[in-house]
>>> print(open('model.cif').read())   # mmCIF, C-alpha atoms
data_structure
loop_
_atom_site.label_atom_id
_atom_site.label_comp_id
_atom_site.auth_asym_id
_atom_site.auth_seq_id
_atom_site.Cartn_x
_atom_site.Cartn_y
_atom_site.Cartn_z
CA LYS J 1 -136.77 81.47 -27.53
CA ASN J 2 -138.44 81.81 -30.92
CA LYS J 3 -138.02 85.62 -30.94
CA ASP J 4 -134.32 85.60 -30.04
CA HIS J 5 -133.12 85.15 -33.63
CA LYS J 6 -135.29 88.06 -34.80
CA ILE J 7 -133.83 90.32 -32.12
CA ALA J 8 -130.30 89.23 -33.07
CA VAL J 9 -130.88 89.90 -36.78
CA LYS J 10 -132.34 93.32 -35.95
CA LEU J 11 -129.28 94.16 -33.85
CA LEU J 12 -127.08 93.15 -36.79
CA GLU J 13 -129.01 95.52 -39.08
CA ILE J 14 -128.59 98.38 -36.57
CA MET J 15 -124.90 97.57 -36.28
CA MET J 16 -124.42 97.73 -40.05
CA GLU J 17 -126.42 100.96 -40.31
CA LYS J 18 -123.88 102.47 -37.92
CA GLU J 19 -121.14 101.19 -40.28
CA LEU J 20 -119.79 98.81 -37.67
CA GLU J 21 -118.31 95.80 -39.46
CA PRO J 22 -119.58 92.44 -38.15
CA ASN J 23 -117.04 89.66 -37.64
CA ASN J 24 -117.15 85.92 -36.91
CA PHE J 25 -118.01 86.58 -33.27
CA THR J 26 -121.05 88.56 -34.44
CA ILE J 27 -122.40 86.19 -37.09
CA THR J 28 -121.77 82.77 -35.53
CA PRO J 29 -124.26 83.12 -32.62
CA ILE J 30 -126.92 84.45 -35.02
CA ILE J 31 -126.50 81.37 -37.22
CA GLU J 32 -126.72 79.23 -34.08
CA LEU J 33 -129.97 80.94 -33.06
CA LEU J 34 -131.42 80.46 -36.55
CA GLY J 35 -130.49 76.78 -36.30
CA LYS J 36 -132.39 76.40 -33.04
CA VAL J 37 -135.61 77.53 -34.75
CA ARG J 38 -134.82 75.48 -37.89
CA LYS J 39 -134.24 78.42 -40.19
CA ALA J 40 -131.33 76.90 -42.10
CA PRO J 41 -132.05 78.66 -45.43
CA LYS J 42 -132.07 82.04 -43.64
CA ALA J 43 -128.82 81.14 -41.89
CA GLN J 44 -127.30 80.22 -45.26
CA LEU J 45 -128.44 83.53 -46.79
CA LEU J 46 -126.86 85.45 -43.91
CA PHE J 47 -123.66 83.41 -44.22
CA ASP J 48 -123.42 84.03 -47.99
CA ARG J 49 -124.22 87.73 -47.53
CA MET J 50 -121.38 88.13 -45.06
CA ILE J 51 -118.97 86.35 -47.39
CA ASP J 52 -119.97 88.74 -50.19
CA LYS J 53 -119.09 91.61 -47.83
CA GLY J 54 -115.60 90.19 -47.36
CA LEU J 55 -116.01 88.19 -44.14
CA VAL J 56 -113.78 85.11 -43.96
CA PRO J 57 -115.59 82.44 -41.90
CA ASP J 58 -113.53 80.41 -39.46
CA LEU J 59 -113.90 76.71 -38.64
CA ILE J 60 -116.34 77.39 -35.79
CA MET J 61 -118.72 79.32 -38.05
CA TRP J 62 -118.58 76.59 -40.71
CA THR J 63 -119.32 73.96 -38.07
CA VAL J 64 -122.27 75.91 -36.64
CA LEU J 65 -123.73 76.28 -40.15
CA LEU J 66 -123.27 72.54 -40.77
CA HIS J 67 -125.12 71.77 -37.54
CA CYS J 68 -127.81 74.28 -38.49
CA TRP J 69 -128.53 72.30 -41.68
CA SER J 70 -128.20 68.90 -39.96
CA THR J 71 -130.92 69.68 -37.43
CA SER J 72 -133.22 71.49 -39.88
CA LYS J 73 -135.21 68.38 -40.89
CA ARG J 74 -135.11 69.59 -44.48
CA ARG J 75 -134.84 67.09 -47.34
CA GLU J 76 -131.86 68.87 -48.87
CA ALA J 77 -129.92 69.00 -45.57
CA ALA J 78 -127.54 66.09 -46.27
CA GLN J 79 -126.63 67.42 -49.72
CA LYS J 80 -126.10 70.90 -48.28
CA THR J 81 -123.64 69.63 -45.69
CA ILE J 82 -121.58 67.87 -48.39
CA GLU J 83 -121.51 71.07 -50.44
CA LEU J 84 -120.39 73.06 -47.40
CA LEU J 85 -117.58 70.60 -46.58
CA LYS J 86 -116.27 70.88 -50.13
CA LYS J 87 -116.58 74.67 -50.20
CA MET J 88 -114.81 75.24 -46.88
CA HIS J 89 -111.91 73.06 -47.97
CA GLN J 90 -111.57 73.93 -51.65
CA GLN J 91 -112.48 77.65 -51.69
CA PHE J 92 -111.51 78.81 -48.20
CA ASN J 93 -108.73 76.36 -47.34
CA VAL J 94 -110.37 75.51 -44.01
CA GLU J 95 -109.77 71.88 -43.05
CA PRO J 96 -112.81 70.26 -41.36
CA ASP J 97 -112.09 68.76 -37.96
CA THR J 98 -113.86 65.81 -36.30
CA VAL J 99 -116.58 68.04 -34.85
CA ALA J 100 -117.34 69.51 -38.29
CA TYR J 101 -117.57 66.07 -39.87
CA ASN J 102 -119.82 64.88 -37.04
CA ALA J 103 -122.10 67.86 -37.65
CA ALA J 104 -122.34 66.91 -41.32
CA LEU J 105 -122.95 63.23 -40.52
CA LEU J 106 -125.88 64.20 -38.32
CA ALA J 107 -127.76 65.36 -41.44
CA PHE J 108 -127.59 61.79 -42.79
CA ALA J 109 -128.56 60.30 -39.43
CA ASN J 110 -131.63 62.54 -39.22
CA ASP J 111 -132.76 61.53 -42.72
CA PHE J 112 -134.01 58.14 -43.96
CA ASN J 113 -132.10 55.43 -45.83
CA ARG J 114 -128.83 57.35 -45.70
CA GLY J 115 -126.74 54.76 -43.86
CA LYS J 116 -124.57 53.91 -46.86
CA GLN J 117 -123.87 57.57 -47.64
CA ALA J 118 -123.07 58.31 -44.00
CA GLU J 119 -120.50 55.53 -43.94
CA GLN J 120 -119.06 56.76 -47.24
CA LEU J 121 -118.50 60.16 -45.64
CA LEU J 122 -116.85 58.46 -42.66
CA ARG J 123 -114.40 56.78 -45.07
CA VAL J 124 -113.25 60.04 -46.65
CA MET J 125 -112.84 62.00 -43.40
CA THR J 126 -109.48 63.75 -43.15
CA ALA J 127 -109.89 64.04 -39.36
CA PRO J 128 -109.84 61.09 -36.93
CA PRO J 129 -113.29 59.69 -36.07
CA ASN J 130 -114.43 59.47 -32.46
CA THR J 131 -117.26 57.72 -30.63
CA VAL J 132 -119.72 60.44 -31.75
CA THR J 133 -118.74 59.77 -35.37
CA TYR J 134 -119.49 56.07 -35.08
CA ALA J 135 -122.65 56.60 -33.04
CA THR J 136 -123.97 59.00 -35.68
CA CYS J 137 -123.19 56.57 -38.50
CA ILE J 138 -125.00 53.80 -36.64
CA LYS J 139 -127.97 56.12 -36.16
CA ALA J 140 -127.99 56.67 -39.94
CA TRP J 141 -128.06 52.88 -40.46
CA THR J 142 -130.80 52.58 -37.82
CA ASN J 143 -132.92 55.00 -39.85
CA SER J 144 -132.34 52.98 -43.04
CA PRO J 145 -135.18 50.44 -43.06
CA GLY J 146 -134.63 49.88 -46.77
CA SER J 147 -131.07 48.64 -46.24
CA PRO J 148 -130.83 44.90 -45.48
CA GLU J 149 -127.15 45.33 -44.59
CA ALA J 150 -127.87 47.84 -41.79
CA VAL J 151 -127.29 45.42 -38.91
CA GLU J 152 -124.17 43.90 -40.44
CA ARG J 153 -122.61 47.29 -41.20
CA SER J 154 -123.41 48.71 -37.75
CA GLU J 155 -121.88 45.71 -36.00
CA ALA J 156 -118.81 46.07 -38.22
CA LEU J 157 -118.52 49.74 -37.19
CA VAL J 158 -118.58 48.78 -33.50
CA LYS J 159 -115.80 46.21 -34.08
CA GLU J 160 -113.80 48.77 -36.06
CA MET J 161 -113.91 51.37 -33.33
CA LEU J 162 -113.04 48.85 -30.62
CA ILE J 163 -110.02 47.69 -32.64
CA GLY J 164 -109.07 51.35 -33.04
CA GLY J 165 -109.10 51.84 -29.28
CA ILE J 166 -112.19 54.05 -29.21
CA SER J 167 -114.50 53.42 -26.25
CA PRO J 168 -118.21 53.24 -27.16
CA SER J 169 -120.43 55.80 -25.45
CA ALA J 170 -123.83 55.19 -23.86
CA ILE J 171 -125.38 56.99 -26.85
CA LEU J 172 -123.72 54.57 -29.26
CA TRP J 173 -125.03 51.55 -27.35
CA SER J 174 -128.49 53.15 -27.26
CA ASN J 175 -128.33 53.57 -31.03
CA MET J 176 -127.44 49.89 -31.38
CA ILE J 177 -130.46 48.95 -29.25
CA SER J 178 -132.67 51.09 -31.50
CA LEU J 179 -131.19 49.40 -34.56
CA TYR J 180 -132.06 45.95 -33.20
CA ALA J 181 -135.42 47.06 -31.77
CA ARG J 182 -136.78 48.30 -35.07
CA ARG J 183 -135.94 44.97 -36.62
CA GLY J 184 -137.36 42.86 -33.79
CA LEU J 185 -133.95 41.41 -32.83
CA VAL J 186 -134.78 41.01 -29.15
CA GLU J 187 -131.83 38.93 -27.99
CA LYS J 188 -129.31 41.28 -29.57
CA ALA J 189 -131.05 44.34 -28.14
CA THR J 190 -131.17 42.83 -24.65
CA ASP J 191 -127.52 41.76 -24.85
CA ILE J 192 -126.47 45.42 -25.16
CA LEU J 193 -127.68 46.04 -21.58
CA LYS J 194 -124.48 44.53 -20.22
CA HIS J 195 -122.51 47.36 -21.83
CA ILE J 196 -124.55 50.14 -20.20
CA GLU J 197 -123.64 50.89 -16.61
CA GLN J 198 -126.90 52.63 -15.65
CA PRO J 199 -129.64 52.00 -18.22
CA ASN J 200 -132.27 54.72 -18.24
CA VAL J 201 -135.96 54.52 -19.03
CA ILE J 202 -135.30 55.23 -22.73
CA VAL J 203 -133.07 52.16 -23.00
CA TYR J 204 -135.64 49.86 -21.39
CA THR J 205 -138.46 51.31 -23.47
CA THR J 206 -136.46 50.75 -26.67
CA ILE J 207 -135.94 47.09 -25.75
CA MET J 208 -139.72 46.83 -25.30
CA GLU J 209 -140.00 48.18 -28.83
CA ALA J 210 -137.89 45.20 -29.92
CA TRP J 211 -140.45 42.89 -28.31
CA ALA J 212 -143.23 44.81 -30.08
CA ASN J 213 -141.58 44.05 -33.43
CA SER J 214 -140.66 40.45 -32.61
CA ASN J 215 -143.93 38.71 -33.65
CA ARG J 216 -143.50 36.15 -30.86
CA VAL J 217 -146.03 34.46 -28.61
CA ASP J 218 -143.93 35.21 -25.52
CA ALA J 219 -143.48 38.90 -26.42
CA PHE J 220 -145.81 40.36 -23.80
CA GLU J 221 -144.64 38.04 -21.03
CA ASN J 222 -141.00 39.01 -21.58
CA ALA J 223 -141.70 42.72 -22.05
CA PHE J 224 -143.86 42.81 -18.91
CA THR J 225 -141.14 41.02 -16.93
CA LEU J 226 -138.65 43.62 -18.16
CA LEU J 227 -140.99 46.36 -16.94
CA GLN J 228 -141.11 44.80 -13.48
CA LYS J 229 -137.32 44.39 -13.29
CA MET J 230 -136.20 47.67 -14.83
CA GLU J 231 -133.99 49.83 -12.64
CA ALA J 232 -135.48 53.13 -13.88
CA ASN J 233 -138.93 54.56 -13.27
CA PRO J 234 -141.22 53.85 -16.25
CA ASN J 235 -142.93 56.76 -17.98
CA ILE J 236 -146.03 56.90 -20.15
CA THR J 237 -143.95 56.19 -23.30
CA THR J 238 -142.87 52.93 -21.65
CA PHE J 239 -146.49 51.90 -21.14
CA ASN J 240 -147.51 53.06 -24.63
CA THR J 241 -144.77 50.82 -26.05
CA LEU J 242 -145.93 47.92 -23.89
CA ILE J 243 -149.45 48.37 -25.27
CA LYS J 244 -147.94 48.17 -28.76
CA VAL J 245 -146.40 44.81 -27.76
CA VAL J 246 -149.92 43.54 -27.02
CA GLU J 247 -151.32 44.91 -30.27
CA LYS J 248 -148.66 43.54 -32.63
CA ASN J 249 -148.03 40.09 -31.16
CA PRO J 250 -150.07 36.89 -30.57
CA GLY J 251 -151.77 36.43 -27.20
CA PRO J 252 -154.79 37.56 -25.17
CA LYS J 253 -155.34 41.28 -25.69
CA ILE J 254 -157.82 42.50 -23.04
CA LYS J 255 -156.27 40.47 -20.21
CA ASN J 256 -152.83 41.88 -20.93
CA LEU J 257 -154.13 45.41 -21.38
CA ARG J 258 -155.81 45.24 -17.97
CA GLU J 259 -152.45 44.28 -16.43
CA ILE J 260 -150.74 47.21 -18.13
CA LYS J 261 -153.43 49.66 -17.03
CA LEU J 262 -153.18 48.46 -13.45
CA MET J 263 -149.40 48.80 -13.58
CA TRP J 264 -149.37 52.39 -14.82
CA GLU J 265 -151.94 53.38 -12.21
CA ARG J 266 -149.76 51.84 -9.47
CA ASN J 267 -146.79 53.83 -10.76
CA GLY J 268 -148.78 57.06 -10.72
CA VAL J 269 -148.24 57.64 -14.43
CA GLN J 270 -150.73 59.88 -16.25
CA ALA J 271 -152.12 58.50 -19.52
CA ASN J 272 -152.13 60.70 -22.62
CA VAL J 273 -153.97 60.70 -25.95
CA ARG J 274 -151.44 58.29 -27.45
CA THR J 275 -152.12 55.88 -24.59
CA TYR J 276 -155.84 55.75 -25.29
CA ASN J 277 -155.30 55.52 -29.05
CA ALA J 278 -152.89 52.62 -28.48
CA LEU J 279 -155.41 50.90 -26.20
CA TYR J 280 -158.15 51.21 -28.84
CA ALA J 281 -155.83 49.86 -31.53
CA ALA J 282 -154.91 46.87 -29.34
CA CYS J 283 -158.57 46.26 -28.42
CA SER J 284 -159.49 46.20 -32.11
CA MET J 285 -157.21 43.17 -32.53
CA ALA J 286 -159.05 41.19 -29.82
CA THR J 287 -161.34 38.40 -31.02
CA GLY J 288 -163.77 35.87 -29.55
CA GLU J 289 -163.93 35.55 -25.79
CA ASP J 290 -160.93 37.83 -25.45
CA ALA J 291 -162.88 40.80 -26.84
CA SER J 292 -164.50 43.02 -24.24
CA LEU J 293 -166.81 45.88 -25.18
CA GLN J 294 -167.05 46.89 -21.52
CA PHE J 295 -163.29 47.43 -21.28
CA VAL J 296 -163.41 49.68 -24.34
CA LEU J 297 -166.33 51.65 -22.89
CA ASP J 298 -164.49 52.05 -19.59
CA ILE J 299 -161.47 53.43 -21.43
CA TYR J 300 -163.67 55.83 -23.35
CA GLU J 301 -165.30 57.17 -20.17
CA GLU J 302 -161.94 57.54 -18.49
CA MET J 303 -160.53 59.43 -21.48
CA LYS J 304 -163.45 61.88 -21.40
CA LEU J 305 -162.83 62.57 -17.74
CA SER J 306 -159.13 63.21 -18.28
#
>>> encode(input="model.cif", output="structure tokens")
Amino acid sequence: KNKDHKIAVKLLEIMMEKELEPNNFTITPIIELLGKVRKAPKAQLLFDRMIDKGLVPDLIMWTVLLHCWSTSKRREAAQKTIELLKKMHQQFNVEPDTVAYNAALLAFANDFNRGKQAEQLLRVMTAPPNTVTYATCIKAWTNSPGSPEAVERSEALVKEMLIGGISPSAILWSNMISLYARRGLVEKATDILKHIEQPNVIVYTTIMEAWANSNRVDAFENAFTLLQKMEANPNITTFNTLIKVVEKNPGPKIKNLREIKLMWERNGVQANVRTYNALYAACSMATGEDASLQFVLDIYEEMKLS
């Protein structure tokens, strides 16, 4: 809860007023709580304050602080994790393990255009990489739209881990689907399905995103067929993505939107604001006989009622 970290910090203050010395078991959960509410700078201040008081942080505390920065969504997060890795090794003689490196890599994956730097960190790791390491690096490449080599490097990472005897996880395959989806590489995204034993709704929805970015005449037909065949129950994000397929690709707009609307009603899925906004955006792309003012008005009335 948002107040938990405040209570924990207050307890720490009371503890120190009573001249009870905090240790790693005291500070680590407070840093973790601060990370959950994205208070990385405050966590860093607490960490530095404890070091000034003579506390020697262990590997677990370092790792929790790394994760705190990685999930903070702050622009300086990636640089901070590199600084922490150097400091823990050079000043405190604490050797990062795989989990610590993975926590640092996550900062690059959660940023944009950091794929190359994430892979550079992978190359200098002194601990063995695992499937989380590779999945996180691929996520960093996925979030690097400015890197033309993103697909090539991610595929090379998958080959590297397979040669190294590391089994890819479902998360890694999902990250590969996202990589292909954002670049409209439909066939490659769909091919990943054979590696996933039980694809969930997120996987199917991401493949629909690939169709949305494909700029193909058959995009809606294939995405709609995927919807009908998927082995998981679609949610409203699935239908919102399908609407985006209609908007961004050639083909009749209103006719296809009517099919989608009918499908989500049959599935008992509740539309949200994004759904209606997506419908309006797709309708705005309709021209000639395909355009239907009545359909737009019907959507508007339905949105008011909901």
>>> closest_residue(input="model.cif", among="J:Met208, J:Ala8, J:Ala271, J:Pro29", to="Leu305 of chain J", atoms="all atoms listed in the file")
J:Ala271
>>> closest_residue(input="model.cif", among="J:Leu172, J:Leu257, J:Leu157, J:Met88", to="Arg123 of chain J", atoms="all atoms listed in the file")
J:Leu157
>>> residues_around(input="model.cif", residues="Ala118 of chain J", least_positions_apart="5", cutoff="12 Å", atoms="only C-alpha atoms", output="NGL selection string")
:J and (78-79 or 81-82 or 101-113 or 123-125 or 133-144 or 150 or 153-154 or 157)
>>> closest_residue(input="model.cif", among="J:Ala212, J:Thr205, J:Glu155, J:Arg74", to="Arg183 of chain J", atoms="all atoms listed in the file")
J:Ala212
>>> residues_around(input="model.cif", residues="Tyr204 of chain J", least_positions_apart="5", cutoff="10 Å", atoms="only C-alpha atoms", output="PyMOL selection string")
chain J and resi 174+177+189-190+193+199+209-210+223+226-227+229-234+238
>>> write_last_selection(input="model.cif", atoms="C-alpha atoms", output="tab-separated table (two decimals), in the frame of the given file")
chain	number	residue	atom	x	y	z
J	174	SER	CA	-128.49	53.15	-27.26
J	177	ILE	CA	-130.46	48.95	-29.25
J	189	ALA	CA	-131.05	44.34	-28.14
J	190	THR	CA	-131.17	42.83	-24.65
J	193	LEU	CA	-127.68	46.04	-21.58
J	199	PRO	CA	-129.64	52.00	-18.22
J	209	GLU	CA	-140.00	48.18	-28.83
J	210	ALA	CA	-137.89	45.20	-29.92
J	223	ALA	CA	-141.70	42.72	-22.05
J	226	LEU	CA	-138.65	43.62	-18.16
J	227	LEU	CA	-140.99	46.36	-16.94
J	229	LYS	CA	-137.32	44.39	-13.29
J	230	MET	CA	-136.20	47.67	-14.83
J	231	GLU	CA	-133.99	49.83	-12.64
J	232	ALA	CA	-135.48	53.13	-13.88
J	233	ASN	CA	-138.93	54.56	-13.27
J	234	PRO	CA	-141.22	53.85	-16.25
J	238	THR	CA	-142.87	52.93	-21.65
>>> atom_distance(input="model.cif", atom1="atom CA of Ile60 of chain J", atom2="atom CA of Pro128 of chain J")
17.6 Å
>>> atom_distance(input="model.cif", atom1="atom CA of Gly184 of chain J", atom2="atom CA of Asn213 of chain J")
4.4 Å
>>> resolve_selection(input="model.cif", expression="the PyMOL selection byres ((chain J and resi 127) around 10)", output="list in words")
Glu95, Pro96, Asp97, Thr98, Val99, Ala100, Tyr101, Leu122, Val124, Met125, Thr126, Pro128, Pro129 and Asn130 of chain J
>>> atom_distance(input="model.cif", atom1="atom CA of Val186 of chain J", atom2="atom CA of Thr206 of chain J")
10.2 Å
>>> resolve_selection(input="model.cif", expression="the PyMOL selection byres ((chain J and resi 92) around 12)", output="PDB file with C-alpha atoms, in the coordinates of the input")
ATOM      1  CA  ILE J  51    -118.970  86.350 -47.390  1.00  0.00           C
ATOM      2  CA  LEU J  55    -116.010  88.190 -44.140  1.00  0.00           C
ATOM      3  CA  VAL J  56    -113.780  85.110 -43.960  1.00  0.00           C
ATOM      4  CA  PRO J  57    -115.590  82.440 -41.900  1.00  0.00           C
ATOM      5  CA  ASP J  58    -113.530  80.410 -39.460  1.00  0.00           C
ATOM      6  CA  LEU J  59    -113.900  76.710 -38.640  1.00  0.00           C
ATOM      7  CA  TRP J  62    -118.580  76.590 -40.710  1.00  0.00           C
ATOM      8  CA  LEU J  84    -120.390  73.060 -47.400  1.00  0.00           C
ATOM      9  CA  LEU J  85    -117.580  70.600 -46.580  1.00  0.00           C
ATOM     10  CA  LYS J  86    -116.270  70.880 -50.130  1.00  0.00           C
ATOM     11  CA  LYS J  87    -116.580  74.670 -50.200  1.00  0.00           C
ATOM     12  CA  MET J  88    -114.810  75.240 -46.880  1.00  0.00           C
ATOM     13  CA  HIS J  89    -111.910  73.060 -47.970  1.00  0.00           C
ATOM     14  CA  GLN J  90    -111.570  73.930 -51.650  1.00  0.00           C
ATOM     15  CA  GLN J  91    -112.480  77.650 -51.690  1.00  0.00           C
ATOM     16  CA  ASN J  93    -108.730  76.360 -47.340  1.00  0.00           C
ATOM     17  CA  VAL J  94    -110.370  75.510 -44.010  1.00  0.00           C
ATOM     18  CA  GLU J  95    -109.770  71.880 -43.050  1.00  0.00           C
ATOM     19  CA  PRO J  96    -112.810  70.260 -41.360  1.00  0.00           C
TER      20      PRO J  96
END
>>> resolve_selection(input="model.cif", expression="the PyMOL selection byres ((chain J and resi 261-265) around 12)", output="PyMOL selection string")
chain J and resi 224-225+227-228+233-240+242-243+254-260+266-272+275-276+278-279+295+298-299+302
